[in-house]
Amino acid sequence: MTIDTTFWAATIIFLIAYAVIISEKVHKTVVALFGAGLILILKILEQHEAFHVEELGIDWNVIFLLISMMLIINLMRPTGVFEYIAIKSAKWGKGDPFRVLIIFAIVTAVLSAFLDNVTTVLLITPVTILIADALEVDPIPYLLSCAFASNIGGTATLIGDPPNIMIASKAQLNFMDFIYHLAPIIVVIMVFYIFAIRFIWGKKLVTKEELKKRIMAMNENEAIKDPAMLKKSLFVLAIVLTGFIFHGVLHFQPATVALFGAGLLLLLSKTNEPHHVLAEVEWPTIFFFMGLFIIVGGVVKVGLIKWMSLQVLALTEGNLFATSMVVMWFSAFASAIVDNIPYVATMNPLIVDMAKQLWPNETGLQLLQHPDLMPLWWSLALGACLGGNGSAIGASANVIVVGLSEKAGKRISFGKFMLYGMPIMIMTVVISTIYVWLRYYVLKI
Amino acid sequence: MKAKDLMVLLKEYLRPGYNLKKAANILKTSRKGERRIGVKGLPVINTTGKMIGFLSIGDILKSVFPSYMSLMNLGDFTWNGMVEDIAKKVGRLKVSDVMTKNVISVNEDAPLMECIDHMIKNNVKKLPVISKKGRVVGMLYERDIFFAITEAMGNKRKRGKK
């Protein structure tokens, strides 16, 4: 490895970009795009490396998977299906404040497993505040629980949370790998989580009988505004989910499945003005990803990531159990402070590099999915996703919930979020630690 | 014809520190021209006489409308008494919390077409009219412009003001 001016230029751009992203002085998308521009103009990466080389540049699999899923959701939203699900859930809880809290947590977790967390939170939170208002109870438990449950639920699948999308793409893992390795522990974590919220809020949420009638009087069928489009959406969703389940066997990348679904639903919607649906894609997030991939590509090319991976291996003396524990706990605390997207964007090549040090003779899938490397990927996913609960800025979903609560006149301070979020994060990561240790190092299954 | 030729002279206004209960009562009983029939909005003037906002009936409707309601289609899932409960709380808010801060206004010498341009492009039905000294002196209503137009068409003036 040669340490030259290019090395320092890339490293400085990387460090300053991350510092500014954490400080939130400049919008993260602006930072990422400007950083990417610098990486290119200083020729740290050639343009073709940034745009067309898989190991160094933009991961188009991630980009198109995100865009396609956003398009599908944007097309589904106006049908009213999400309002329907939320009102139905509240009625299922018979208007009892604590039962409703639990049911919302489960519904949020399940939705988050299949939609991205921000979307889920945007779809569930408004209804939870409405229900809390109807029952005349404090909406804050509902808001916090919505954020926590979405971060937990999102960990369960490949498409649930951006870190998983990125990890899947890097390690060539498929949808069923995540279902097999992460979903079981997330179910266990959800059970513990429900006991935890029962302990925290169980006795505090009480309402009057007559207020429950407000909930029971709501007719969820009124939510469905466009039954024809709803049928089409559910049809496409079924195809997409089937596609995800079999994409590994059929040798499709997840983005292929999602893009096909988005294209099909656009066609079926018979819209002649896709402008509106396309405009609602969260372009700032998409461009944030693109910029980050280029910045990280820069530090991969100059060798910074390789140097970092050597340091980690030196620290853990090549012991893979120790390494996966360091990865999980460091990821959890790092994700509580930094956005987990740039964090995972950096960790992904770092883990690949560690694998190259450990098994220099392996390449391709044998390297990326080396049996001894797999627990590291799962530790990264669990740490980075669950770590998001640690603070109000740990995950985009939290930022949204805090923002909405402020608008509703029920401000959740940074400290208050952490007071509940940090113990939840530690509890879930402890459970994950036991799981990884037991499953991959003791039982080895 | 200019803004000042059609405007209704302003006799009342609101202060930013009034609470909404008081402000709403002023709107309800305010004069429009010669009659005490209530108005749909009034300028908010600070102690130096400068207009710093405008409070309309629409702003008061928005004040009882929870922000989360605008994020999803939840209108079907509300209950009787919801508005009244919120209204009791927002009565204590200050005018400055609820008023529209970016007010579309016209100078008193603005030609009528300029006034129509503001109304159409900003989707407002009334414009505060500002004097050369920078004070709000009157209100120009969509209705009065409409009367001016019908008169220009050759119809008889319906109600005289001048």
# chains A, B, ... in the order shown; residues from 1 in each chain; ligands from 1
>>> select_by_dssp(residues="chain B", states="strand (DSSP E or B)", output="JSON list (two decimals) with N, CA and C atoms, in the first residue's frame")
[["chain", "number", "residue", "atom", "x", "y", "z"],
["B", 2, "LYS", "N", -57.85, 52.34, -9.67],
["B", 2, "LYS", "CA", -56.73, 51.86, -8.85],
["B", 2, "LYS", "C", -57.25, 51.19, -7.59],
["B", 8, "VAL", "N", -62.10, 49.17, 0.71],
["B", 8, "VAL", "CA", -62.93, 49.55, 1.84],
["B", 8, "VAL", "C", -61.97, 50.07, 2.91],
["B", 9, "LEU", "N", -62.27, 51.24, 3.46],
["B", 9, "LEU", "CA", -61.35, 51.80, 4.45],
["B", 9, "LEU", "C", -61.28, 50.90, 5.68],
["B", 14, "LEU", "N", -55.87, 43.94, 14.08],
["B", 14, "LEU", "CA", -55.53, 43.05, 15.20],
["B", 14, "LEU", "C", -54.11, 43.33, 15.67],
["B", 19, "ASN", "N", -55.23, 37.21, 22.11],
["B", 19, "ASN", "CA", -55.45, 35.78, 21.98],
["B", 19, "ASN", "C", -56.50, 35.50, 20.90],
["B", 32, "LYS", "N", -67.66, 45.95, 7.81],
["B", 32, "LYS", "CA", -67.21, 45.86, 6.42],
["B", 32, "LYS", "C", -67.92, 47.01, 5.73],
["B", 35, "ARG", "N", -71.45, 48.50, 7.29],
["B", 35, "ARG", "CA", -72.23, 47.57, 8.09],
["B", 35, "ARG", "C", -71.37, 46.74, 9.03],
["B", 41, "GLY", "N", -61.24, 38.48, 7.46],
["B", 41, "GLY", "CA", -59.84, 38.57, 7.86],
["B", 41, "GLY", "C", -59.45, 40.00, 8.14],
["B", 42, "LEU", "N", -58.42, 40.20, 8.97],
["B", 42, "LEU", "CA", -57.93, 41.55, 9.26],
["B", 42, "LEU", "C", -56.40, 41.54, 9.34],
["B", 43, "PRO", "N", -55.81, 42.68, 8.98],
["B", 43, "PRO", "CA", -54.35, 42.77, 9.11],
["B", 43, "PRO", "C", -53.93, 42.79, 10.57],
["B", 44, "VAL", "N", -52.73, 42.27, 10.82],
["B", 44, "VAL", "CA", -52.17, 42.31, 12.17],
["B", 44, "VAL", "C", -51.07, 43.37, 12.17],
["B", 45, "ILE", "N", -51.25, 44.37, 13.06],
["B", 45, "ILE", "CA", -50.37, 45.55, 13.04],
["B", 45, "ILE", "C", -49.58, 45.59, 14.35],
["B", 51, "MET", "N", -47.67, 46.48, 9.23],
["B", 51, "MET", "CA", -48.40, 45.21, 9.11],
["B", 51, "MET", "C", -47.40, 44.05, 9.18],
["B", 52, "ILE", "N", -47.59, 43.14, 10.15],
["B", 52, "ILE", "CA", -46.65, 42.01, 10.26],
["B", 52, "ILE", "C", -47.32, 40.68, 9.92],
["B", 53, "GLY", "N", -48.62, 40.72, 9.62],
["B", 53, "GLY", "CA", -49.29, 39.48, 9.27],
["B", 53, "GLY", "C", -50.75, 39.74, 8.98],
["B", 54, "PHE", "N", -51.46, 38.65, 8.72],
["B", 54, "PHE", "CA", -52.87, 38.76, 8.40],
["B", 54, "PHE", "C", -53.57, 37.54, 9.00],
["B", 55, "LEU", "N", -54.67, 37.80, 9.69],
["B", 55, "LEU", "CA", -55.40, 36.67, 10.29],
["B", 55, "LEU", "C", -56.74, 36.56, 9.59],
["B", 56, "SER", "N", -56.96, 35.40, 8.97],
["B", 56, "SER", "CA", -58.23, 35.21, 8.28],
["B", 56, "SER", "C", -58.99, 34.06, 8.94],
["B", 94, "LYS", "N", -51.87, 32.85, 20.66],
["B", 94, "LYS", "CA", -51.76, 34.25, 20.27],
["B", 94, "LYS", "C", -51.96, 34.39, 18.76],
["B", 100, "THR", "N", -51.08, 34.37, 9.09],
["B", 100, "THR", "CA", -50.27, 34.18, 7.89],
["B", 100, "THR", "C", -49.22, 35.29, 7.88],
["B", 106, "VAL", "N", -51.13, 45.12, -1.78],
["B", 106, "VAL", "CA", -50.89, 46.00, -2.94],
["B", 106, "VAL", "C", -50.73, 47.45, -2.46],
["B", 107, "ASN", "N", -50.05, 48.21, -3.26],
["B", 107, "ASN", "CA", -49.96, 49.64, -2.97],
["B", 107, "ASN", "C", -51.26, 50.32, -3.39],
["B", 111, "PRO", "N", -52.67, 49.53, -10.21],
["B", 111, "PRO", "CA", -53.79, 49.42, -11.16],
["B", 111, "PRO", "C", -54.60, 48.15, -10.86],
["B", 126, "LYS", "N", -58.83, 38.65, -0.89],
["B", 126, "LYS", "CA", -58.79, 39.99, -0.33],
["B", 126, "LYS", "C", -57.34, 40.44, -0.20],
["B", 127, "LEU", "N", -57.12, 41.73, -0.44],
["B", 127, "LEU", "CA", -55.75, 42.25, -0.38],
["B", 127, "LEU", "C", -55.70, 43.47, 0.52],
["B", 128, "PRO", "N", -54.81, 43.48, 1.51],
["B", 128, "PRO", "CA", -54.58, 44.72, 2.25],
["B", 128, "PRO", "C", -53.97, 45.77, 1.32],
["B", 129, "VAL", "N", -54.41, 47.01, 1.46],
["B", 129, "VAL", "CA", -53.90, 48.09, 0.59],
["B", 129, "VAL", "C", -52.98, 48.97, 1.44],
["B", 130, "ILE", "N", -51.77, 49.18, 0.91],
["B", 130, "ILE", "CA", -50.74, 49.90, 1.68],
["B", 130, "ILE", "C", -50.59, 51.32, 1.14],
["B", 136, "VAL", "N", -51.24, 50.25, 6.45],
["B", 136, "VAL", "CA", -52.40, 49.59, 5.84],
["B", 136, "VAL", "C", -53.57, 50.57, 5.95],
["B", 137, "VAL", "N", -54.15, 50.89, 4.82],
["B", 137, "VAL", "CA", -55.24, 51.88, 4.89],
["B", 137, "VAL", "C", -56.59, 51.27, 4.51],
["B", 138, "GLY", "N", -56.56, 50.13, 3.86],
["B", 138, "GLY", "CA", -57.85, 49.57, 3.46],
["B", 138, "GLY", "C", -57.73, 48.13, 3.01],
["B", 139, "MET", "N", -58.88, 47.60, 2.66],
["B", 139, "MET", "CA", -58.93, 46.23, 2.17],
["B", 139, "MET", "C", -59.61, 46.22, 0.81],
["B", 140, "LEU", "N", -59.02, 45.48, -0.10],
["B", 140, "LEU", "CA", -59.63, 45.34, -1.42],
["B", 140, "LEU", "C", -60.20, 43.93, -1.54],
["B", 141, "TYR", "N", -61.52, 43.86, -1.78],
["B", 141, "TYR", "CA", -62.18, 42.55, -1.82],
["B", 141, "TYR", "C", -62.47, 42.14, -3.26]]
>>> closest_atom_pairs(of="chain A", to="chain B", cutoff="8 Å", atoms="only C-alpha atoms", output="Markdown table")
| residue | atom | partner | partner_atom | distance |
| --- | --- | --- | --- | --- |
| A:Gly80 | CA | B:Asn73 | CA | 7.3 |
| A:Glu83 | CA | B:Asn73 | CA | 7.2 |
| A:Leu122 | CA | B:Leu71 | CA | 7.9 |
| A:Leu123 | CA | B:Met72 | CA | 7.4 |
| A:Pro126 | CA | B:Tyr68 | CA | 4.8 |
| A:Val127 | CA | B:Leu74 | CA | 7.6 |
| A:Ile129 | CA | B:Tyr68 | CA | 7.4 |
| A:Leu130 | CA | B:Tyr68 | CA | 7.7 |
| A:Ala134 | CA | B:Trp79 | CA | 7.9 |
| A:Arg214 | CA | B:Trp79 | CA | 6.4 |
| A:Met218 | CA | B:Phe77 | CA | 5.5 |
| A:Asn219 | CA | B:Phe77 | CA | 7.4 |
| A:Glu222 | CA | B:Asp76 | CA | 6.6 |
| A:Ala223 | CA | B:Asp76 | CA | 7.1 |
| A:Leu404 | CA | B:Tyr68 | CA | 7.4 |
| A:Lys407 | CA | B:Ser67 | CA | 6.3 |
| A:Ala408 | CA | B:Ser67 | CA | 6.3 |
>>> residues_around(residues="Leu27 of chain B", least_positions_apart="4", cutoff="7 Å", atoms="only C-alpha atoms", output="list in words")
Ala23, Gly38, Val39, Lys40 and Gly41 of chain B
>>> atom_distance(atom1="atom CA of Val299 of chain A", atom2="atom CA of Glu54 of chain A")
14.5 Å
>>> residues_around(residues="Arg135 of chain B", least_positions_apart="3", cutoff="7 Å", atoms="only C-alpha atoms", output="list in words")
Gly49, Lys50, Ile130 and Ser131 of chain B
>>> write_last_selection(atoms="C-alpha atoms", output="PDB file, in the first residue's frame")
ATOM      1  CA  GLY B  49     -48.124  50.655  12.790  1.00  0.00           C
ATOM      2  CA  LYS B  50     -46.444  48.189  10.454  1.00  0.00           C
ATOM      3  CA  ILE B 130     -50.742  49.901   1.682  1.00  0.00           C
ATOM      4  CA  SER B 131     -50.402  53.707   1.607  1.00  0.00           C
TER       5      SER B 131
END
>>> residues_around(residues="Lys156 of chain B", least_positions_apart="5", cutoff="10 Å", atoms="only C-alpha atoms", output="PyMOL selection string")
chain B and resi 147+150-151
>>> write_last_selection(atoms="N, CA and C atoms", output="JSON list (two decimals), in the first residue's frame")
[["chain", "number", "residue", "atom", "x", "y", "z"],
["B", 147, "PHE", "N", -67.69, 43.92, -8.97],
["B", 147, "PHE", "CA", -68.66, 45.00, -9.27],
["B", 147, "PHE", "C", -68.10, 45.97, -10.29],
["B", 150, "THR", "N", -68.39, 44.32, -13.68],
["B", 150, "THR", "CA", -69.77, 44.31, -14.21],
["B", 150, "THR", "C", -70.17, 45.70, -14.67],
["B", 151, "GLU", "N", -69.72, 46.71, -13.95],
["B", 151, "GLU", "CA", -70.02, 48.08, -14.34],
["B", 151, "GLU", "C", -69.41, 48.41, -15.69]]
>>> residues_around(residues="Asn340 of chain A", least_positions_apart="5", cutoff="7 Å", atoms="only C-alpha atoms", output="count of residues only")
4
>>> atom_distance(atom1="atom CA of Leu56 of chain A", atom2="atom CA of Thr157 of chain A")
25.5 Å
>>> closest_residue(among="A:Ala322, A:Ala336, A:Ile185, A:Met374", to="Thr428 of chain A", atoms="only C-alpha atoms")
A:Ile185
>>> closest_residue(among="A:Phe260, A:Trp92, A:Phe104, A:Trp377", to="Leu65 of chain A", atoms="only C-alpha atoms")
A:Phe260
>>> atom_distance(atom1="atom CA of Gly134 of chain B", atom2="atom CA of Lys121 of chain B")
23.2 Å
>>> select_by_dssp(residues="chain B", states="alpha helix (DSSP H)", output="PyMOL selection string")
chain B and resi 3-6+20-29+57-64+82-90+95-98+112-122+142-153
>>> write_last_selection(atoms="C-alpha atoms", output="PDB file, in the first residue's frame")
ATOM      1  CA  ALA B   3     -56.710  49.849  -5.639  1.00  0.00           C
ATOM      2  CA  LYS B   4     -57.551  52.879  -3.513  1.00  0.00           C
ATOM      3  CA  ASP B   5     -60.653  53.655  -5.579  1.00  0.00           C
ATOM      4  CA  LEU B   6     -62.241  50.309  -4.758  1.00  0.00           C
ATOM      5  CA  LEU B  20     -57.449  33.922  19.338  1.00  0.00           C
ATOM      6  CA  LYS B  21     -60.668  34.140  21.321  1.00  0.00           C
ATOM      7  CA  LYS B  22     -60.510  37.932  21.298  1.00  0.00           C
ATOM      8  CA  ALA B  23     -59.316  38.089  17.686  1.00  0.00           C
ATOM      9  CA  ALA B  24     -62.117  35.807  16.518  1.00  0.00           C
ATOM     10  CA  ASN B  25     -64.648  38.025  18.253  1.00  0.00           C
ATOM     11  CA  ILE B  26     -63.246  41.108  16.498  1.00  0.00           C
ATOM     12  CA  LEU B  27     -63.480  39.359  13.129  1.00  0.00           C
ATOM     13  CA  LYS B  28     -67.040  38.351  13.910  1.00  0.00           C
ATOM     14  CA  THR B  29     -68.256  41.841  14.795  1.00  0.00           C
ATOM     15  CA  ILE B  57     -61.047  32.806   9.041  1.00  0.00           C
ATOM     16  CA  GLY B  58     -59.031  30.221   7.110  1.00  0.00           C
ATOM     17  CA  ASP B  59     -56.123  30.607   9.564  1.00  0.00           C
ATOM     18  CA  ILE B  60     -58.528  29.934  12.431  1.00  0.00           C
ATOM     19  CA  LEU B  61     -59.827  26.797  10.700  1.00  0.00           C
ATOM     20  CA  LYS B  62     -56.222  25.679  10.232  1.00  0.00           C
ATOM     21  CA  SER B  63     -55.510  26.292  13.918  1.00  0.00           C
ATOM     22  CA  VAL B  64     -57.978  23.594  14.960  1.00  0.00           C
ATOM     23  CA  MET B  82     -63.357  16.909  18.199  1.00  0.00           C
ATOM     24  CA  VAL B  83     -63.305  20.450  16.807  1.00  0.00           C
ATOM     25  CA  GLU B  84     -64.950  21.915  19.907  1.00  0.00           C
ATOM     26  CA  ASP B  85     -62.377  20.259  22.204  1.00  0.00           C
ATOM     27  CA  ILE B  86     -59.474  21.621  20.195  1.00  0.00           C
ATOM     28  CA  ALA B  87     -61.138  25.042  19.882  1.00  0.00           C
ATOM     29  CA  LYS B  88     -61.174  25.383  23.682  1.00  0.00           C
ATOM     30  CA  LYS B  89     -57.403  24.964  23.668  1.00  0.00           C
ATOM     31  CA  VAL B  90     -56.542  27.146  20.679  1.00  0.00           C
ATOM     32  CA  VAL B  95     -52.616  35.851  16.952  1.00  0.00           C
ATOM     33  CA  SER B  96     -48.916  35.847  16.051  1.00  0.00           C
ATOM     34  CA  ASP B  97     -48.822  32.020  16.373  1.00  0.00           C
ATOM     35  CA  VAL B  98     -51.603  31.471  13.888  1.00  0.00           C
ATOM     36  CA  LEU B 112     -56.729  47.036 -10.981  1.00  0.00           C
ATOM     37  CA  MET B 113     -55.072  44.457 -13.247  1.00  0.00           C
ATOM     38  CA  GLU B 114     -52.154  44.198 -10.831  1.00  0.00           C
ATOM     39  CA  CYS B 115     -54.639  43.487  -8.028  1.00  0.00           C
ATOM     40  CA  ILE B 116     -56.332  40.772 -10.084  1.00  0.00           C
ATOM     41  CA  ASP B 117     -52.919  39.323 -10.922  1.00  0.00           C
ATOM     42  CA  HIS B 118     -52.099  39.009  -7.189  1.00  0.00           C
ATOM     43  CA  MET B 119     -55.489  37.488  -6.412  1.00  0.00           C
ATOM     44  CA  ILE B 120     -55.348  34.857  -9.129  1.00  0.00           C
ATOM     45  CA  LYS B 121     -51.718  33.879  -8.747  1.00  0.00           C
ATOM     46  CA  ASN B 122     -51.807  33.679  -4.955  1.00  0.00           C
ATOM     47  CA  GLU B 142     -62.754  40.270  -4.787  1.00  0.00           C
ATOM     48  CA  ARG B 143     -66.445  41.260  -4.712  1.00  0.00           C
ATOM     49  CA  ASP B 144     -65.680  44.924  -5.237  1.00  0.00           C
ATOM     50  CA  ILE B 145     -63.447  44.173  -8.214  1.00  0.00           C
ATOM     51  CA  PHE B 146     -66.267  42.023  -9.573  1.00  0.00           C
ATOM     52  CA  PHE B 147     -68.660  45.002  -9.274  1.00  0.00           C
ATOM     53  CA  ALA B 148     -66.150  47.195 -11.104  1.00  0.00           C
ATOM     54  CA  ILE B 149     -65.987  44.628 -13.888  1.00  0.00           C
ATOM     55  CA  THR B 150     -69.769  44.309 -14.213  1.00  0.00           C
ATOM     56  CA  GLU B 151     -70.022  48.083 -14.341  1.00  0.00           C
ATOM     57  CA  ALA B 152     -67.463  48.174 -17.125  1.00  0.00           C
ATOM     58  CA  MET B 153     -69.587  45.645 -18.973  1.00  0.00           C
TER      59      MET B 153
END
>>> decode(residues="segment 360-391 of chain A", atoms="N, CA and C atoms", output="JSON list (two decimals), in the first residue's frame")
[["chain", "number", "residue", "atom", "x", "y", "z"],
["A", 360, "PRO", "N", -7.00, -15.40, 1.55],
["A", 360, "PRO", "CA", -6.45, -14.75, 0.33],
["A", 360, "PRO", "C", -6.66, -15.57, -0.94],
["A", 361, "ASN", "N", -6.91, -16.87, -0.79],
["A", 361, "ASN", "CA", -7.03, -17.69, -2.00],
["A", 361, "ASN", "C", -8.44, -17.77, -2.55],
["A", 362, "GLU", "N", -9.42, -17.28, -1.77],
["A", 362, "GLU", "CA", -10.81, -17.38, -2.22],
["A", 362, "GLU", "C", -11.20, -16.13, -3.01],
["A", 363, "THR", "N", -12.15, -16.33, -3.94],
["A", 363, "THR", "CA", -12.70, -15.16, -4.66],
["A", 363, "THR", "C", -14.20, -15.35, -4.81],
["A", 364, "GLY", "N", -14.86, -14.32, -5.32],
["A", 364, "GLY", "CA", -16.28, -14.38, -5.64],
["A", 364, "GLY", "C", -17.13, -14.79, -4.46],
["A", 365, "LEU", "N", -18.15, -15.62, -4.72],
["A", 365, "LEU", "CA", -19.07, -16.03, -3.66],
["A", 365, "LEU", "C", -18.38, -16.82, -2.56],
["A", 366, "GLN", "N", -17.35, -17.60, -2.94],
["A", 366, "GLN", "CA", -16.63, -18.37, -1.92],
["A", 366, "GLN", "C", -16.03, -17.44, -0.87],
["A", 367, "LEU", "N", -15.63, -16.25, -1.34],
["A", 367, "LEU", "CA", -15.06, -15.27, -0.42],
["A", 367, "LEU", "C", -16.16, -14.53, 0.33],
["A", 368, "LEU", "N", -17.13, -13.97, -0.44],
["A", 368, "LEU", "CA", -18.16, -13.12, 0.17],
["A", 368, "LEU", "C", -19.04, -13.89, 1.13],
["A", 369, "GLN", "N", -19.30, -15.15, 0.81],
["A", 369, "GLN", "CA", -20.19, -15.93, 1.66],
["A", 369, "GLN", "C", -19.44, -17.09, 2.31],
["A", 370, "HIS", "N", -18.17, -16.86, 2.63],
["A", 370, "HIS", "CA", -17.40, -17.85, 3.36],
["A", 370, "HIS", "C", -18.15, -18.17, 4.66],
["A", 371, "PRO", "N", -18.33, -19.46, 4.97],
["A", 371, "PRO", "CA", -19.14, -19.82, 6.15],
["A", 371, "PRO", "C", -18.72, -19.08, 7.43],
["A", 372, "ASP", "N", -17.42, -18.85, 7.58],
["A", 372, "ASP", "CA", -16.96, -18.17, 8.78],
["A", 372, "ASP", "C", -17.19, -16.67, 8.74],
["A", 373, "LEU", "N", -17.48, -16.17, 7.53],
["A", 373, "LEU", "CA", -17.70, -14.72, 7.40],
["A", 373, "LEU", "C", -19.17, -14.36, 7.64],
["A", 374, "MET", "N", -20.06, -15.33, 7.40],
["A", 374, "MET", "CA", -21.50, -15.04, 7.48],
["A", 374, "MET", "C", -21.93, -14.38, 8.80],
["A", 375, "PRO", "N", -21.48, -14.90, 9.97],
["A", 375, "PRO", "CA", -21.91, -14.25, 11.22],
["A", 375, "PRO", "C", -21.54, -12.76, 11.27],
["A", 376, "LEU", "N", -20.47, -12.39, 10.56],
["A", 376, "LEU", "CA", -20.08, -10.97, 10.54],
["A", 376, "LEU", "C", -21.12, -10.13, 9.82],
["A", 377, "TRP", "N", -21.60, -10.65, 8.69],
["A", 377, "TRP", "CA", -22.65, -9.90, 7.97],
["A", 377, "TRP", "C", -23.89, -9.75, 8.85],
["A", 378, "TRP", "N", -24.28, -10.85, 9.51],
["A", 378, "TRP", "CA", -25.49, -10.76, 10.34],
["A", 378, "TRP", "C", -25.27, -9.85, 11.54],
["A", 379, "SER", "N", -24.06, -9.88, 12.08],
["A", 379, "SER", "CA", -23.77, -8.99, 13.21],
["A", 379, "SER", "C", -23.83, -7.53, 12.77],
["A", 380, "LEU", "N", -23.31, -7.27, 11.58],
["A", 380, "LEU", "CA", -23.37, -5.91, 11.06],
["A", 380, "LEU", "C", -24.81, -5.46, 10.87],
["A", 381, "ALA", "N", -25.63, -6.33, 10.27],
["A", 381, "ALA", "CA", -27.04, -5.98, 10.04],
["A", 381, "ALA", "C", -27.76, -5.74, 11.36],
["A", 382, "LEU", "N", -27.59, -6.65, 12.30],
["A", 382, "LEU", "CA", -28.28, -6.51, 13.59],
["A", 382, "LEU", "C", -27.81, -5.25, 14.32],
["A", 383, "GLY", "N", -26.50, -5.06, 14.37],
["A", 383, "GLY", "CA", -25.97, -3.89, 15.07],
["A", 383, "GLY", "C", -26.42, -2.59, 14.43],
["A", 384, "ALA", "N", -26.26, -2.50, 13.12],
["A", 384, "ALA", "CA", -26.56, -1.23, 12.43],
["A", 384, "ALA", "C", -28.05, -0.92, 12.46],
["A", 385, "CYS", "N", -28.91, -1.92, 12.30],
["A", 385, "CYS", "CA", -30.35, -1.66, 12.28],
["A", 385, "CYS", "C", -30.88, -1.40, 13.69],
["A", 386, "LEU", "N", -30.54, -2.27, 14.63],
["A", 386, "LEU", "CA", -31.08, -2.12, 15.99],
["A", 386, "LEU", "C", -30.45, -0.93, 16.71],
["A", 387, "GLY", "N", -29.21, -0.60, 16.32],
["A", 387, "GLY", "CA", -28.56, 0.57, 16.92],
["A", 387, "GLY", "C", -29.31, 1.85, 16.65],
["A", 388, "GLY", "N", -30.09, 1.85, 15.59],
["A", 388, "GLY", "CA", -30.88, 3.03, 15.25],
["A", 388, "GLY", "C", -31.80, 3.48, 16.36],
["A", 389, "ASN", "N", -32.19, 2.57, 17.26],
["A", 389, "ASN", "CA", -33.08, 2.96, 18.36],
["A", 389, "ASN", "C", -32.38, 3.75, 19.44],
["A", 390, "GLY", "N", -31.03, 3.76, 19.41],
["A", 390, "GLY", "CA", -30.28, 4.35, 20.51],
["A", 390, "GLY", "C", -30.49, 5.83, 20.75],
["A", 391, "SER", "N", -30.74, 6.59, 19.69],
["A", 391, "SER", "CA", -30.94, 8.03, 19.90],
["A", 391, "SER", "C", -31.93, 8.58, 18.87]]
